[in-house]
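Student: Input upload15.cif, format and content: mmCIF, C-alpha atoms and all ligand atoms.
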data_target
loop_
_atom_site.label_atom_id
_atom_site.label_comp_id
_atom_site.auth_asym_id
_atom_site.auth_seq_id
_atom_site.Cartn_x
_atom_site.Cartn_y
_atom_site.Cartn_z
CA MET A 125 -16.07 -39.63 -31.43
CA GLN A 126 -18.26 -42.55 -30.39
CA ARG A 127 -19.03 -43.27 -26.72
CA LEU A 128 -15.90 -44.74 -25.10
CA ASP A 129 -15.51 -46.97 -22.06
CA ILE A 130 -12.89 -45.12 -19.99
CA ALA A 131 -11.06 -46.02 -16.76
CA ILE A 132 -9.61 -43.11 -14.80
CA ALA A 133 -7.03 -44.23 -12.25
CA GLY A 134 -6.60 -41.68 -9.43
CA CYS A 135 -9.02 -39.35 -7.66
CA GLY A 136 -6.82 -36.27 -7.34
CA PRO A 137 -7.73 -33.01 -9.11
CA ALA A 138 -6.64 -34.46 -12.49
CA GLY A 139 -8.72 -37.64 -12.22
CA LEU A 140 -11.86 -36.05 -10.77
CA ALA A 141 -11.89 -33.17 -13.28
CA THR A 142 -11.35 -35.60 -16.17
CA ALA A 143 -14.20 -37.79 -14.94
CA LEU A 144 -16.61 -34.84 -14.87
CA LEU A 145 -15.63 -33.58 -18.31
CA LEU A 146 -15.71 -36.97 -20.05
CA HIS A 147 -18.93 -38.06 -18.35
CA ARG A 148 -20.59 -34.83 -19.49
CA ASP A 149 -19.39 -35.56 -23.02
CA GLY A 150 -21.32 -38.84 -22.91
CA HIS A 151 -18.50 -41.35 -22.27
CA GLN A 152 -18.85 -44.29 -19.86
CA VAL A 153 -16.41 -43.35 -17.08
CA THR A 154 -15.23 -45.31 -14.03
CA LEU A 155 -12.88 -43.83 -11.40
CA PHE A 156 -10.48 -45.99 -9.36
CA ASP A 157 -8.50 -45.05 -6.25
CA ARG A 158 -6.65 -47.01 -3.60
CA PHE A 159 -8.36 -45.25 -0.70
CA ASP A 160 -11.35 -46.92 0.90
CA ALA A 161 -12.96 -43.51 1.06
CA PRO A 162 -11.21 -41.18 -1.39
CA ARG A 163 -9.52 -38.40 0.52
CA PRO A 164 -6.81 -35.88 -0.22
CA VAL A 165 -3.56 -35.54 1.71
CA GLY A 166 -1.60 -32.40 2.42
CA SER A 167 -2.45 -28.86 3.29
CA GLY A 168 -3.05 -25.81 1.16
CA LEU A 169 -2.47 -25.01 -2.46
CA MET A 170 -3.08 -22.12 -4.79
CA ILE A 171 -5.46 -22.13 -7.72
CA GLN A 172 -4.15 -19.80 -10.40
CA PRO A 173 -6.15 -18.13 -13.21
CA THR A 174 -5.31 -21.18 -15.39
CA GLY A 175 -6.84 -23.74 -13.03
CA PHE A 176 -9.68 -21.33 -12.27
CA ALA A 177 -10.60 -21.20 -15.97
CA VAL A 178 -11.09 -24.99 -15.96
CA LEU A 179 -13.01 -25.01 -12.67
CA LYS A 180 -15.26 -22.30 -14.12
CA GLN A 181 -16.04 -24.57 -17.09
CA LEU A 182 -16.92 -27.28 -14.58
CA GLY A 183 -19.38 -24.91 -12.88
CA LEU A 184 -17.35 -24.82 -9.67
CA ALA A 185 -16.08 -21.21 -9.73
CA ASP A 186 -18.62 -19.77 -7.29
CA ALA A 187 -18.16 -22.57 -4.77
CA LEU A 188 -14.39 -22.19 -5.03
CA LEU A 189 -14.57 -18.45 -4.41
CA ASP A 190 -16.95 -19.01 -1.53
CA ARG A 191 -14.74 -21.57 0.26
CA GLY A 192 -11.26 -20.41 -0.73
CA ALA A 193 -9.32 -17.24 0.06
CA ARG A 194 -8.69 -14.68 -2.65
CA VAL A 195 -4.94 -13.97 -2.91
CA ASP A 196 -3.91 -10.68 -4.53
CA ARG A 197 -0.16 -10.78 -4.02
CA LEU A 198 2.90 -12.84 -3.14
CA HIS A 199 5.26 -11.17 -0.75
CA GLY A 200 8.67 -12.33 0.48
CA GLU A 201 11.25 -10.71 2.75
CA ALA A 202 14.85 -11.65 3.40
CA GLY A 203 15.54 -12.43 7.04
CA ILE A 204 15.09 -9.86 9.73
CA SER A 205 16.48 -7.16 7.41
CA GLY A 206 12.97 -6.74 6.02
CA ARG A 207 14.37 -6.37 2.48
CA VAL A 208 11.55 -7.19 0.05
CA VAL A 209 12.78 -9.81 -2.41
CA LEU A 210 9.47 -11.13 -3.73
CA ASP A 211 6.69 -8.73 -4.64
CA VAL A 212 4.23 -10.17 -7.15
CA ARG A 213 0.86 -8.50 -7.63
CA TYR A 214 -1.77 -10.10 -9.85
CA ARG A 215 -3.13 -6.67 -10.75
CA ALA A 216 0.09 -6.08 -12.73
CA LEU A 217 -1.52 -8.36 -15.35
CA GLY A 218 -4.04 -5.62 -16.01
CA ARG A 219 -6.86 -8.06 -16.68
CA SER A 220 -9.96 -8.33 -14.56
CA GLY A 221 -10.26 -11.57 -12.64
CA GLY A 222 -6.52 -11.92 -12.19
CA PHE A 223 -6.01 -13.38 -8.72
CA GLY A 224 -5.02 -16.57 -6.98
CA ILE A 225 -7.22 -18.60 -4.66
CA GLY A 226 -5.70 -20.24 -1.60
CA ILE A 227 -7.59 -23.40 -0.75
CA HIS A 228 -7.20 -26.49 1.39
CA ARG A 229 -6.68 -29.61 -0.70
CA ALA A 230 -9.60 -31.22 1.14
CA THR A 231 -11.88 -28.38 0.04
CA LEU A 232 -10.85 -28.60 -3.61
CA PHE A 233 -11.21 -32.37 -3.44
CA GLY A 234 -14.64 -31.99 -1.79
CA LEU A 235 -15.93 -29.67 -4.54
CA LEU A 236 -14.86 -32.03 -7.33
CA HIS A 237 -15.86 -35.20 -5.49
CA ASP A 238 -19.35 -33.86 -4.62
CA ALA A 239 -19.90 -33.05 -8.30
CA VAL A 240 -18.78 -36.58 -9.29
CA ILE A 241 -21.21 -38.10 -6.77
CA ALA A 242 -24.05 -35.76 -7.84
CA GLU A 243 -23.60 -36.91 -11.45
CA THR A 244 -23.56 -40.57 -10.33
CA ILE A 245 -20.21 -41.28 -11.97
CA SER A 246 -18.99 -44.79 -11.05
CA MET A 247 -16.20 -44.84 -8.51
CA GLU A 248 -14.39 -47.91 -7.19
CA THR A 249 -12.39 -47.36 -4.02
CA GLY A 250 -10.00 -49.74 -2.24
CA CYS A 251 -8.36 -50.41 -5.63
CA PRO A 252 -4.56 -50.12 -5.52
CA VAL A 253 -3.58 -50.07 -9.18
CA ALA A 254 -0.40 -52.00 -9.98
CA GLY A 255 -0.28 -52.11 -13.78
CA ILE A 256 -2.09 -52.56 -17.06
CA GLU A 257 -2.21 -55.35 -19.62
CA PRO A 258 -3.23 -55.48 -23.26
CA SER A 259 -6.54 -56.98 -24.35
CA ALA A 260 -8.17 -57.74 -27.73
CA GLY A 261 -8.82 -54.91 -30.20
CA GLY A 262 -6.18 -52.55 -28.79
CA ARG A 263 -8.05 -52.26 -25.48
CA ARG A 264 -6.42 -52.40 -22.04
CA ARG A 265 -7.19 -53.84 -18.62
CA LEU A 266 -6.27 -52.40 -15.24
CA VAL A 267 -4.39 -54.79 -12.96
CA LEU A 268 -4.73 -54.31 -9.20
CA ASP A 269 -2.23 -55.16 -6.45
CA ASN A 270 -4.14 -58.35 -5.59
CA GLY A 271 -4.03 -59.57 -9.20
CA ARG A 272 -7.64 -58.62 -9.98
CA ARG A 273 -8.12 -57.61 -13.64
CA ILE A 274 -10.69 -54.90 -14.51
CA GLY A 275 -11.86 -54.05 -18.01
CA PRO A 276 -11.11 -54.05 -20.88
CA PHE A 277 -11.38 -50.29 -21.53
CA ASP A 278 -11.07 -48.24 -24.72
CA LEU A 279 -8.92 -45.77 -22.81
CA ILE A 280 -7.08 -45.71 -19.47
CA VAL A 281 -6.28 -42.31 -17.98
CA ASP A 282 -3.36 -42.47 -15.55
CA ALA A 283 -3.98 -39.76 -12.94
CA LEU A 284 -2.15 -41.62 -10.15
CA GLY A 285 0.18 -38.77 -9.24
CA THR A 286 3.94 -38.49 -9.22
CA ARG A 287 4.61 -42.06 -8.00
CA THR A 288 2.37 -43.71 -10.60
CA PRO A 289 3.10 -47.39 -11.15
CA LEU A 290 1.82 -47.08 -14.75
CA ALA A 291 4.79 -45.09 -16.06
CA PRO A 292 8.52 -45.72 -16.07
CA ARG A 293 10.44 -44.09 -13.24
CA CYS A 294 12.16 -40.86 -14.21
CA GLY A 295 13.38 -37.58 -12.74
CA ARG A 296 14.68 -37.07 -9.22
CA GLU A 297 13.49 -36.44 -5.68
CA LEU A 298 14.48 -32.98 -4.49
CA ALA A 299 16.70 -32.62 -1.41
CA TYR A 300 14.40 -30.03 0.14
CA GLY A 301 10.77 -30.56 1.08
CA ALA A 302 8.62 -28.77 3.62
CA LEU A 303 6.71 -29.28 6.84
CA TRP A 304 3.07 -28.29 6.40
CA SER A 305 0.33 -27.62 8.88
CA THR A 306 -3.24 -26.33 8.68
CA LEU A 307 -3.98 -23.85 11.45
CA ASP A 308 -6.70 -21.38 12.41
CA TRP A 309 -6.18 -17.95 10.90
CA PRO A 310 -5.34 -15.75 13.91
CA ALA A 311 -7.80 -12.96 14.71
CA GLY A 312 -6.14 -9.54 14.47
CA GLY A 313 -2.37 -9.87 14.11
CA GLU A 314 -0.07 -8.68 11.36
CA LEU A 315 -0.57 -11.41 8.76
CA ASP A 316 -2.10 -10.33 5.46
CA GLN A 317 -5.28 -12.26 4.60
CA THR A 318 -4.88 -11.49 0.89
CA ALA A 319 -1.24 -12.54 0.44
CA LEU A 320 0.98 -15.60 0.26
CA GLU A 321 3.79 -14.40 2.53
CA GLN A 322 7.25 -15.86 2.98
CA ARG A 323 10.41 -15.05 4.94
CA TYR A 324 13.84 -16.36 4.00
CA ARG A 325 17.25 -16.82 5.57
CA ARG A 326 19.57 -17.49 2.67
CA ALA A 327 17.90 -20.21 0.55
CA SER A 328 18.18 -22.92 3.18
CA VAL A 329 15.51 -21.51 5.51
CA MET A 330 12.02 -20.44 4.48
CA VAL A 331 8.78 -20.00 6.36
CA GLY A 332 5.48 -19.22 4.66
CA VAL A 333 1.82 -18.59 5.34
CA LEU A 334 -0.98 -19.00 2.80
CA PRO A 335 -4.63 -18.11 3.55
CA ILE A 336 -6.80 -21.07 2.49
CA GLY A 337 -10.35 -20.07 3.38
CA ARG A 338 -12.61 -22.53 5.17
CA LEU A 339 -12.47 -26.31 5.45
CA PRO A 340 -15.61 -28.21 4.38
CA SER A 341 -16.37 -29.04 8.02
CA SER A 342 -15.64 -25.63 9.51
CA ALA A 343 -16.75 -22.01 9.43
CA HIS A 344 -13.33 -20.74 10.60
CA LYS A 345 -10.77 -19.28 8.25
CA GLN A 346 -7.60 -21.36 7.99
CA ALA A 347 -3.95 -20.82 7.16
CA ALA A 348 -1.51 -23.23 5.56
CA PHE A 349 1.79 -22.82 7.39
CA PHE A 350 4.98 -24.25 5.89
CA TRP A 351 8.64 -24.54 6.89
CA SER A 352 11.21 -25.56 4.32
CA LEU A 353 13.39 -28.48 5.45
CA ARG A 354 16.01 -30.71 3.88
CA ALA A 355 14.78 -34.30 4.00
CA ASP A 356 17.96 -35.57 5.68
CA ARG A 357 17.49 -33.01 8.48
CA PHE A 358 14.01 -34.20 9.43
CA ASP A 359 15.21 -36.46 12.27
CA SER A 360 17.40 -33.76 13.81
CA TRP A 361 14.50 -31.27 13.52
CA ARG A 362 12.33 -33.70 15.48
CA SER A 363 14.93 -34.47 18.12
CA ALA A 364 15.77 -30.78 18.68
CA GLY A 365 12.22 -30.30 19.97
CA LEU A 366 9.42 -27.89 19.17
CA ASP A 367 10.59 -25.06 21.45
CA ALA A 368 13.98 -24.68 19.76
CA TRP A 369 12.31 -24.70 16.34
CA LYS A 370 9.63 -22.19 17.34
CA ALA A 371 12.32 -19.81 18.65
CA ASP A 372 14.07 -20.07 15.28
CA VAL A 373 10.88 -19.37 13.33
CA MET A 374 9.94 -16.48 15.59
CA GLU A 375 13.36 -14.89 15.20
CA LEU A 376 12.90 -14.96 11.42
CA TRP A 377 9.24 -13.85 11.44
CA PRO A 378 7.82 -12.69 14.78
CA ALA A 379 4.30 -12.27 13.34
CA THR A 380 3.93 -16.08 13.18
CA ARG A 381 3.66 -16.26 16.99
CA PRO A 382 -0.15 -16.84 17.08
CA LEU A 383 0.20 -19.64 14.51
CA LEU A 384 3.09 -21.30 16.34
CA ALA A 385 1.09 -21.16 19.58
CA GLN A 386 -1.37 -23.61 17.99
CA ILE A 387 1.36 -26.19 17.35
CA VAL A 388 1.78 -28.35 20.45
CA SER A 389 3.01 -31.57 18.84
CA PRO A 390 5.39 -32.31 15.95
CA ASP A 391 2.67 -34.59 14.59
CA GLN A 392 0.71 -31.48 13.58
CA LEU A 393 3.35 -30.94 10.89
CA THR A 394 3.44 -33.24 7.86
CA PHE A 395 6.64 -33.50 5.88
CA ALA A 396 6.09 -33.36 2.10
CA ARG A 397 8.83 -34.24 -0.39
CA TYR A 398 8.79 -33.14 -3.98
CA ALA A 399 9.98 -34.85 -7.15
CA HIS A 400 10.97 -33.15 -10.36
CA ARG A 401 10.06 -35.39 -13.29
CA THR A 402 8.57 -35.22 -16.76
CA LEU A 403 7.63 -38.28 -18.82
CA ARG A 404 9.19 -38.45 -22.24
CA SER A 405 6.11 -40.16 -23.73
CA PRO A 406 2.91 -39.16 -21.93
CA ALA A 407 0.69 -41.19 -24.27
CA GLU A 408 0.83 -44.75 -25.57
CA ALA A 409 -1.67 -47.15 -27.13
CA GLY A 410 -4.89 -46.85 -25.15
CA MET A 411 -3.42 -44.90 -22.25
CA ILE A 412 -2.51 -41.31 -21.37
CA HIS A 413 -0.73 -39.97 -18.26
CA ILE A 414 -1.99 -36.62 -16.96
CA GLY A 415 -1.30 -34.29 -14.03
CA ASP A 416 1.53 -35.30 -11.71
CA ALA A 417 1.67 -38.71 -13.41
CA TRP A 418 2.96 -36.87 -16.52
CA HIS A 419 4.95 -34.07 -14.87
CA SER A 420 5.67 -32.94 -11.34
CA ALA A 421 7.89 -30.32 -9.75
CA SER A 422 8.42 -28.47 -6.47
CA PRO A 423 5.45 -26.25 -5.59
CA GLN A 424 7.71 -23.17 -5.75
CA LEU A 425 5.68 -21.68 -8.60
CA GLY A 426 2.46 -23.31 -7.35
CA GLN A 427 1.35 -24.79 -10.68
CA GLY A 428 0.87 -28.56 -10.18
CA ALA A 429 -2.87 -28.75 -9.52
CA ASN A 430 -3.50 -26.06 -12.14
CA MET A 431 -1.52 -27.96 -14.77
CA ALA A 432 -3.40 -31.12 -13.83
CA LEU A 433 -6.71 -29.33 -14.49
CA LEU A 434 -5.43 -28.02 -17.84
CA ASP A 435 -4.34 -31.56 -18.82
CA ALA A 436 -7.83 -32.84 -18.00
CA TYR A 437 -9.45 -30.14 -20.11
CA ALA A 438 -7.08 -30.74 -23.05
CA LEU A 439 -7.91 -34.45 -23.04
CA ALA A 440 -11.66 -33.79 -23.05
CA LEU A 441 -11.31 -31.25 -25.84
CA ALA A 442 -9.16 -33.60 -27.95
CA LEU A 443 -11.63 -36.48 -27.55
CA ARG A 444 -14.40 -34.16 -28.76
CA VAL A 445 -12.69 -33.28 -32.03
CA ALA A 446 -10.49 -36.27 -32.94
CA ARG A 447 -11.66 -39.17 -35.12
CA ASP A 448 -10.08 -41.93 -33.00
CA VAL A 449 -8.36 -42.51 -29.66
CA PRO A 450 -4.72 -42.42 -30.88
CA SER A 451 -5.17 -39.09 -32.67
CA ALA A 452 -7.07 -37.67 -29.66
CA LEU A 453 -4.20 -38.59 -27.32
CA ALA A 454 -1.62 -37.10 -29.70
CA HIS A 455 -3.70 -33.91 -29.95
CA ALA A 456 -4.14 -33.64 -26.15
CA VAL A 457 -0.38 -33.98 -25.62
CA ALA A 458 0.38 -31.45 -28.36
CA MET A 459 -1.95 -28.87 -26.77
CA ARG A 460 -0.17 -29.12 -23.40
CA GLN A 461 3.45 -30.03 -24.14
CA ARG A 462 4.92 -26.56 -24.73
CA HIS A 463 3.42 -25.08 -21.56
CA ILE A 464 4.54 -28.07 -19.49
CA ARG A 465 8.11 -27.94 -20.79
CA LEU A 466 8.26 -24.21 -20.09
CA TYR A 467 7.02 -24.46 -16.50
CA GLN A 468 9.13 -27.52 -15.70
CA MET A 469 12.14 -25.50 -16.83
CA LEU A 470 11.09 -22.35 -14.93
CA THR A 471 10.40 -24.29 -11.74
CA ALA A 472 13.76 -26.09 -11.96
CA LEU A 473 15.39 -22.68 -12.40
CA PHE A 474 13.63 -20.93 -9.52
CA THR A 475 13.46 -23.68 -6.89
CA PRO A 476 17.15 -23.43 -5.84
CA VAL A 477 16.74 -19.67 -5.39
CA TYR A 478 14.35 -20.40 -2.51
CA GLN A 479 15.21 -23.95 -1.45
CA SER A 480 18.88 -24.96 -1.62
CA ASP A 481 22.21 -24.75 0.17
CA SER A 482 23.54 -22.19 -2.29
CA ARG A 483 25.12 -19.07 -0.77
CA LEU A 484 25.42 -17.15 -4.03
CA LEU A 485 21.86 -17.51 -5.35
CA PRO A 486 20.19 -15.90 -2.32
CA ILE A 487 22.68 -13.00 -2.43
CA ALA A 488 21.81 -12.39 -6.08
CA ARG A 489 18.11 -12.76 -5.20
CA ASP A 490 18.26 -10.28 -2.31
CA ARG A 491 20.58 -7.65 -3.79
CA LEU A 492 19.85 -7.78 -7.52
CA VAL A 493 16.78 -9.73 -8.62
CA GLY A 494 14.59 -8.51 -5.75
CA PRO A 495 15.06 -4.79 -6.43
CA LEU A 496 14.92 -5.23 -10.24
CA SER A 497 11.71 -7.26 -10.02
CA LYS A 498 9.84 -4.22 -8.70
CA LEU A 499 10.40 -2.39 -11.99
CA TRP A 500 8.19 -2.64 -15.08
CA PRO A 501 8.11 -4.91 -17.14
CA ALA A 502 9.44 -7.35 -14.52
CA THR A 503 6.29 -6.77 -12.45
CA LYS A 504 4.10 -7.96 -15.32
CA ILE A 505 6.35 -10.88 -16.28
CA GLN A 506 6.41 -12.14 -12.68
CA ALA A 507 2.63 -11.88 -12.36
CA ALA A 508 2.17 -13.80 -15.63
CA MET A 509 4.65 -16.46 -14.49
CA VAL A 510 2.97 -17.01 -11.13
CA SER A 511 -0.47 -17.04 -12.77
CA GLY A 512 0.66 -19.89 -15.01
CA LEU A 513 -0.09 -17.78 -18.09
CA VAL A 514 3.38 -17.66 -19.66
CA GLY A 515 3.31 -19.63 -22.91
CA ASP A 516 -0.43 -18.97 -23.44
CA PRO A 517 -1.78 -22.27 -22.07
CA LEU A 518 -5.42 -21.13 -22.36
CA GLY A 519 -5.28 -20.19 -26.05
CA PRO A 520 -5.08 -23.72 -27.52
CA LEU A 521 -7.85 -24.81 -25.14
CA ASN A 522 -10.17 -21.93 -26.13
CA LEU A 523 -10.46 -20.99 -22.46
C1 LIG B 601 3.13 -29.59 -0.14
C2 LIG B 601 2.60 -29.34 -1.52
C3 LIG B 601 2.14 -28.08 -1.88
C4 LIG B 601 1.62 -27.84 -3.16
N1 LIG B 601 1.18 -26.59 -3.51
C5 LIG B 601 0.64 -26.40 -4.74
C6 LIG B 601 0.09 -25.13 -5.14
O1 LIG B 601 0.13 -24.13 -4.40
N2 LIG B 601 -0.50 -25.03 -6.36
C7 LIG B 601 -0.58 -26.09 -7.19
O2 LIG B 601 -1.15 -25.94 -8.29
N3 LIG B 601 -0.06 -27.28 -6.87
C8 LIG B 601 0.55 -27.47 -5.68
N4 LIG B 601 1.06 -28.68 -5.35
C9 LIG B 601 1.05 -29.76 -6.36
C10 LIG B 601 -0.30 -30.40 -6.45
O3 LIG B 601 -0.73 -30.85 -5.20
C11 LIG B 601 -0.24 -31.56 -7.44
O4 LIG B 601 0.37 -31.13 -8.62
C12 LIG B 601 -1.64 -32.10 -7.74
O5 LIG B 601 -2.24 -32.62 -6.59
C13 LIG B 601 -1.57 -33.15 -8.85
O6 LIG B 601 -2.84 -33.68 -9.03
P1 LIG B 601 -3.03 -35.15 -9.61
O7 LIG B 601 -4.50 -35.37 -9.64
O8 LIG B 601 -2.24 -35.29 -10.83
O9 LIG B 601 -2.34 -36.14 -8.55
P2 LIG B 601 -2.62 -36.36 -7.02
O10 LIG B 601 -3.24 -35.17 -6.40
O11 LIG B 601 -1.34 -36.85 -6.44
O12 LIG B 601 -3.70 -37.54 -6.98
C14 LIG B 601 -3.35 -38.87 -7.24
C15 LIG B 601 -4.47 -39.80 -6.76
O13 LIG B 601 -4.11 -41.13 -7.13
C16 LIG B 601 -4.28 -42.01 -6.03
N5 LIG B 601 -3.29 -43.07 -6.17
C17 LIG B 601 -1.95 -42.95 -6.18
N6 LIG B 601 -1.37 -44.12 -6.41
C18 LIG B 601 -2.36 -45.03 -6.54
C19 LIG B 601 -2.39 -46.43 -6.84
N7 LIG B 601 -1.28 -47.16 -7.04
N8 LIG B 601 -3.60 -47.03 -6.96
C20 LIG B 601 -4.74 -46.33 -6.81
N9 LIG B 601 -4.77 -45.01 -6.51
C21 LIG B 601 -3.59 -44.37 -6.39
C22 LIG B 601 -4.07 -41.16 -4.82
O14 LIG B 601 -4.76 -41.73 -3.71
C23 LIG B 601 -4.68 -39.81 -5.26
O15 LIG B 601 -6.06 -39.77 -4.96
C24 LIG B 601 1.59 -28.92 -4.09
C25 LIG B 601 2.07 -30.19 -3.73
C26 LIG B 601 2.57 -30.41 -2.45
C27 LIG B 601 3.08 -31.79 -2.08
#
Would it be possible to restate this file's structure as structure tokens?
Ligand SMILES: Cc1cc2nc3c(=O)[nH]c(=O)nc-3n(C[C@H](O)[C@H](O)[C@H](O)COP(=O)(O)OP(=O)(O)OC[C@H]3O[C@@H](n4cnc5c(N)ncnc54)[C@H](O)[C@@H]3O)c2cc1C
Tutor:
Amino acid sequence: MQRLDIAIAGCGPAGLATALLLHRDGHQVTLFDRFDAPRPVGSGLMIQPTGFAVLKQLGLADALLDRGARVDRLHGEAGISGRVVLDVRYRALGRSGGFGIGIHRATLFGLLHDAVIAETISMETGCPVAGIEPSAGGRRRLVLDNGRRIGPFDLIVDALGTRTPLAPRCGRELAYGALWSTLDWPAGGELDQTALEQRYRRASVMVGVLPIGRLPSSAHKQAAFFWSLRADRFDSWRSAGLDAWKADVMELWPATRPLLAQIVSPDQLTFARYAHRTLRSPAEAGMIHIGDAWHSASPQLGQGANMALLDAYALALALRVARDVPSALAHAVAMRQRHIRLYQMLTALFTPVYQSDSRLLPIARDRLVGPLSKLWPATKIQAAMVSGLVGDPLGPLNL
């Protein structure tokens, strides 16, 4: 394909990875984001073997391993009974290199952003994108909030996340979200530095700790701490006060005491809501939606950033082999669609087991699914599911 003039809207993992890949393939790329200085929001996330495969292609694997925390297992216990209801070990996959990497979003962002800067890819900040408009020759312009028109471009990549203004609204906001905080990993203590650990009371209460390695500005190891909360209970959580909440958390999981001791203000906890949505048509003339702009879900299976990286890679691959933009976009969508549909379905299925008001689902989880999941082949299936490898997403991408 000839050299294209491409606008990438959004500097999250999807946008930054796409910019690197397409710039390296010789296209003229410009990134746009609304932030004055692009910065990520949120706390920790987990890079799975799928996302890792893309970051390796980008030459960022060593830096990721250096800054992140290797996660070998996911472990969950029901209440104070100590009954193990989630026990996923990556080694059940039987392939070398099978592990997760806990990382702060700022660190992942920093790795990708530094590479973009090092390769002198154009980036325009302070650009709130509001829409697009057609131009001559099937090209498109970006329209900003203030009416400014930029372009025209041969291709616009919408990587604006789940609330993108470039796609029709669809899907639904989930009732449950979570409070997140980034805290120092406590020295000593009972928390496992190689595990994502969770404790549950029914499905309505969940507390979790994920090791996330070191922040760009710090040499100290960090933990992402999260507490599941229904959005309409946020005000009552705040008015009940920190002490009542800490007592509740400690009753469920006493080992979190050294983490809770670091929380002295409710402002240290950020409430994140999740939306479950999938666009019916992720590509149209001169534009493709990728990452959360195409599909988003609760982070229960921890796939969003990984899927965003796979979308970026699929687009780059398709542009390499296709004869024109429309067939490249169709090819990129075809390479990702099956995996996306599968994981959107799996996430919708599993989220209520861990975050809902259901009384029956957690009983089935604790008494039936938990014990069964420790038996082969369930051990292997679970590890493949958490790794993002069900449906063979890497095969079509030759990764
Ligand atoms: C609490 C939480 C925990 C998560 N945990 C995990 C996990 O463990 N593993 C995992 O893989 N995923 C996880 N996810 C999901 C993951 O964060 C997302 O799937 C991922 O960030 C999507 O990347 P993206 O680049 O598509 O979009 P985003 O990261 O949302 O980036 C969008 C970018 O677009 C910019 N933008 C938005 N609107 C505009 C506009 N109008 N104009 C200009 N710029 C705009 C934003 O500033 C941002 O830079 C989690 C999500 C949350 C909320």
Student: Determine, for each residue of range 454-494 of chain A having at least one atom at most 7 Å from an atom of range 194-211 of chain A, the closest pair of atoms and their separation in Å to one decimal, counting all atoms listed in the file; order by chain and ascending number, as JSON lines.
Tutor:
{"residue": "A:Arg489", "atom": "CA", "partner": "A:Val209", "partner_atom": "CA", "distance": 6.7}
{"residue": "A:Asp490", "atom": "CA", "partner": "A:Val209", "partner_atom": "CA", "distance": 5.5}
{"residue": "A:Gly494", "atom": "CA", "partner": "A:Val209", "partner_atom": "CA", "distance": 4.0}
Student: Measure the distance from CA of Ala456 in chain A to CA of Asp278 in chain A in Å and round it to one decimal.
Tutor: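 Value for the CA of Ala456 in chain A-CA of Asp278 in chain A distance: 16.2 Å.
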Student: Do you have, as a tab-separated table, the list of residues of chain A lying at most 7 Å from ligand LIG 601 (chain B), each with its nearest atom pair and that distance in Å to one decimal, counting all atoms listed in the file and ordered by chain then number?
Tutor:
residue	atom	partner	partner_atom	distance
A:Ala133	CA	B:LIG601	N9	6.2
A:Gly134	CA	B:LIG601	O13	3.4
A:Cys135	CA	B:LIG601	O15	4.0
A:Gly136	CA	B:LIG601	O12	3.4
A:Pro137	CA	B:LIG601	O7	4.0
A:Ala138	CA	B:LIG601	O7	3.7
A:Gly139	CA	B:LIG601	O7	5.4
A:Phe156	CA	B:LIG601	C20	6.3
A:Asp157	CA	B:LIG601	N9	3.7
A:Arg158	CA	B:LIG601	C20	3.8
A:Phe159	CA	B:LIG601	O14	5.9
A:Pro162	CA	B:LIG601	O15	6.4
A:Arg163	CA	B:LIG601	O15	6.6
A:Pro164	CA	B:LIG601	O15	6.2
A:Gly166	CA	B:LIG601	C1	6.1
A:Ser167	CA	B:LIG601	C1	6.6
A:Gly168	CA	B:LIG601	N1	6.3
A:Leu169	CA	B:LIG601	O1	3.4
A:Met170	CA	B:LIG601	O1	3.8
A:Ile171	CA	B:LIG601	O2	5.8
A:Cys251	CA	B:LIG601	C20	5.6
A:Pro252	CA	B:LIG601	N8	3.5
A:Val253	CA	B:LIG601	N8	3.8
A:Ala254	CA	B:LIG601	N7	5.7
A:Ala283	CA	B:LIG601	O8	5.2
A:Leu284	CA	B:LIG601	O13	3.6
A:Gly285	CA	B:LIG601	O9	3.7
A:Thr286	CA	B:LIG601	O11	6.2
A:Arg287	CA	B:LIG601	N6	6.5
A:Thr288	CA	B:LIG601	N6	5.6
A:Pro289	CA	B:LIG601	N7	6.0
A:Ala302	CA	B:LIG601	C1	6.7
A:Trp304	CA	B:LIG601	C1	6.7
A:Ala396	CA	B:LIG601	C1	5.3
A:Arg397	CA	B:LIG601	C27	6.5
A:Tyr398	CA	B:LIG601	C27	6.2
A:Ile414	CA	B:LIG601	O8	6.3
A:Gly415	CA	B:LIG601	O8	3.5
A:Asp416	CA	B:LIG601	O8	3.9
A:Ala417	CA	B:LIG601	O8	5.8
A:Ser420	CA	B:LIG601	O4	6.2
A:Pro423	CA	B:LIG601	N1	4.8
A:Gly426	CA	B:LIG601	N2	3.6
A:Gln427	CA	B:LIG601	O2	3.6
A:Gly428	CA	B:LIG601	O4	3.0
A:Ala429	CA	B:LIG601	O2	3.5
A:Asn430	CA	B:LIG601	O2	4.5
A:Met431	CA	B:LIG601	O2	6.8
A:Ala432	CA	B:LIG601	O8	5.3
Student: Around all the atoms of range 247-263 of chain A listed in the file, draw an axis-aligned box and extend it by 3 Å on each of the six sides; I want its centre and edge lengths in Å to one decimal, as AutoDock Vina command-line options.
Tutor:
--center_x -8.2 --center_y -51.3 --center_z -16.2 --size_x 21.9 --size_y 18.9 --size_z 34.0
Student: Quick one: distance from CA of Ser305 in chain A to CA of Ala364 in chain A in Å, one decimal?
Tutor: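 Separation of CA of Ser305 in chain A and CA of Ala364 in chain A: 18.6 Å.
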Student: Would you mind listing what lies within 10 Å of range 369-381 of chain A as a VMD selection string, with all atoms listed in the file counted and same-chain residues fewer than 4 positions away left out?
Tutor: chain A and resid 201 to 206 310 313 to 315 322 to 325 329 to 333 349 351 361 to 362 364 to 365 385 to 387
